[in-house]
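Let me begin by presenting the structure, written as structure tokens, before commenting on it.
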Amino acid sequence: MNISNRRAFLRRFILLAGLTGSQSFPPFLTRLRAQTPRPGNALRIPPEWDGSPLKVAPGQLEVWPGYLTDVFSVNGSVPGPTIRIQKGEEFSAKVENHLSEEFVMHWHGILAPESMDGHPRDAVAPGEFYEVNFRINQPASTSWYHSHTDMLTAEQVYAGVAGLFIVEDPSESALGLPTADNDIPLIIADRRSNAQRQFNYSPFMRDIMTGYLGDIALVNGTPDAWLSVDSGLYRFRLLNGSNARVFRIALSNNQPFQIIGSDSGLLAEPIEVTSAWVAPGERTEILIDFSTYNLGDSVVLKSLPFPSGGGMMGGSSQGIEMDLLRFYIDTKANGVNSVPDSLVSIPSLNAANAKRTRVFNLTPSGMMLHSINGLLWEIDRVDFSVPWGELEIWEYRNLSMQPHPMHMHAALFQILDRNGAQDIRPEDKGWKDTVLVDAGETVRILVKFDSHPGVFVHHCHNLEHEDSGMMQNFEVLPDPTPVVRISSTETVVSWPGPLVGWILESSDSPNPNSNWQPVNQQPSKINNEWTVTIPGVAERKFYRLVGSGF
Ligand code: C2O
Ligand code: CU
Ligand code: CU
């Protein structure tokens with residue numbers, strides 16, 4: 001299948017002259033709270049998006065005190081501003097490319113129509129912009145946005161093009177979860193620290209094998225971050241925005257915390273854990289209770305060490321221990337939120353209703369390349385198509401020595417089992433859009449595509465793997481249900497292309513064995529829709545639509 005000649009491309013516009021080029025920006029916004037001087041840097045909080053155009057541009061920011069780091073920012077900020085939308089509302093934004101290379105933005109975890117999803121085909125040239133506008137129709141979640149440019153995703157995300165996309169809804173607000181200053185986004189991403197304090201992106205062969213791993217973690221773009229907290233309950237929305245590093249989140253004193261949400265929304269109920277995996281692209285929402293600390297105490301959010309793959313490559317720094325963020329318990333909370341017993345109701349998908357299983361073998365194919373079923377990504381090749389609204393099992397088999405966080409556009413899914421065990425871990429529960437498939441593991445997920453038809457991608461969210469070929473196009477076929485409009489003069493039947501069909505009529509009965517004859521009128525195709533107009537209403541007749549795909 002080739003998509004080049006039948007895709008509706010995003011409309012592009014040229015930016016007015018003089019708008020492109022490098023800019024320098026005001027310093028980060030930080031939370032307004034009395035801060036005592038402390039080692040490290042107060043945690044930055046990304047600004048809230050004000051609806052103005054999302055300007056992706058080169059610039060310089062003071063990431064490390066006293067140094068200017070070259071970045072690609074969104075509206076002058078790294079991470080970019082937090083987009084916050086209520087379920088049911090329209091999201092409409094202009095995306096401006098002020099870089100000197102192609103660019104397209106993807107709304108990760110958000111169910112967007114094909115032409116606005118940030119497919120690499122839709123990248124716009126330097127100096128161009130495009131507009132997106134669609135209704136948000138999914139539960140409250142902590143999603144995000146980032147670059148999705150063909151073979152430049154890793155570089156552009158590393159340079160800073162990423163931010164949160166938070167969806168809110170009334171059932172979440174009714175839960176009494178911590179809000180305002182006790183609801184904190186934590187975008188965690190590793191970087192290589194170096195004497196020049198630059199985000200140099202220069203992957204060597206082994207970086208493409210393992211992914212580009214850093215030696216320190218930035219939280220909301222803050223190195224050596226700390227946060228002053230009160231002795232209450234906090235909601236932290238964690239996003240692993242790293243190119244390749246997997247984190248295993250824990251507190252330095254092994255204090256338990258609650259997982260309340262995963263990628264695409266809240267869980268059915270909080271689950272108490274002492275550590276949680278979060279792979280690139282994944283989100284986990286947690287509650288931490290600071291009520292047992294004395295004022296003046298501190299505790300560190302960290303990533304625990306774990307054995308990493310890497311196999312023959314050996315020596316990869318995947319799995320090293322890392323400090324992420326130090327909490328100082330500075331003030332007494334006035335009134336402490338309690339952890340709700342239950343959160344939201346999640347319909348559970350039933351494997352017995354699955355129509356088919358698709359197997360994806362995740363294999364290395366040579367030193368620099370990673371493939372899916374032996375194939376490397378090609379921007380114009382569609383690898384398979386998926387019928388609308390049918391439950392499927394996707395089986396990801398990791399036959400390589402590297403972890404692969406697999407991510408899917410256009411649908412949210414549930415995890416069925418991991419290595420055959422249905423007793424999945426807490427991080428695997430709820431609605432997901434990314435799943436960590438570790439070296440040697442097989443993970444099966446349940447998924448149904450019924451949000452938007454069109455060509456979308458699924459891929460490894462290790463961005464070096466994605467950029468080096470570990471991605472596929474698939475086409476979600478449109479809803480085949482024909483629409484029938486009956487007026488006083490005619491009956492009009494329409495259904496979506498590319499499904500091919502024709503109408504049969506029968507005067508005697510709707511029984512399949514009755515005498516069915518094709519109607520005289522030929523279907524005509526307008527845009528992507530077939531239509532048959534049957535004039536007159538005099539006789540009583542029965543009609544059937546038959547063809548391929550119905
Ligand atoms: Cu977060 Cu296709 O990516
Ligand atoms: Cu995505
Ligand atoms: Cu991978």
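So you can find residues: chains in the structure tokens are A, B, ... in the order shown, residues in each start at 1, and ligands are numbered from 1 in order.
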
Residues within 12 Å of ligand 3, counting only C-alpha atoms and all ligand atoms, as a ChimeraX atom specification: /A:207-212,243-246,279-281,309-310,361-365,368-372,396-407,434-439,458-471

Hey, which residues come within 6 Å of ligand 2 if we count only C-alpha atoms and all ligand atoms? Could you give them as a ChimeraX atom specification? /A:108-109,409

Run DSSP on the backbone and tell me which residues of stretch 355-446 of chain A come out as strand (DSSP E or B); list them as JSON, numbers by chain. {"A": [356, 357, 358, 359, 360, 361, 362, 363, 364, 370, 371, 372, 375, 381, 382, 383, 384, 385, 386, 391, 392, 393, 394, 395, 396, 397, 398, 404, 405, 406, 407, 408, 413, 414, 415, 416, 417, 418, 421, 432, 434, 435, 436, 437, 442, 443, 444, 445, 446]}

Shortest interatomic distance to ligand 1 - which of A:Glu168, A:Glu282, A:Asp190, A:Glu529, counting only C-alpha atoms and all ligand atoms: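 Counting only C-alpha atoms and all ligand atoms, the residue closest to ligand 1 is A:Glu282.
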
Using only C-alpha atoms and all ligand atoms, which residue out of A:Trp431, A:Phe165, A:Trp64, A:Phe257 lies closest to ligand 1?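 Looking only at the distances to ligand 1, the closest residue turns out to be A:Phe165.
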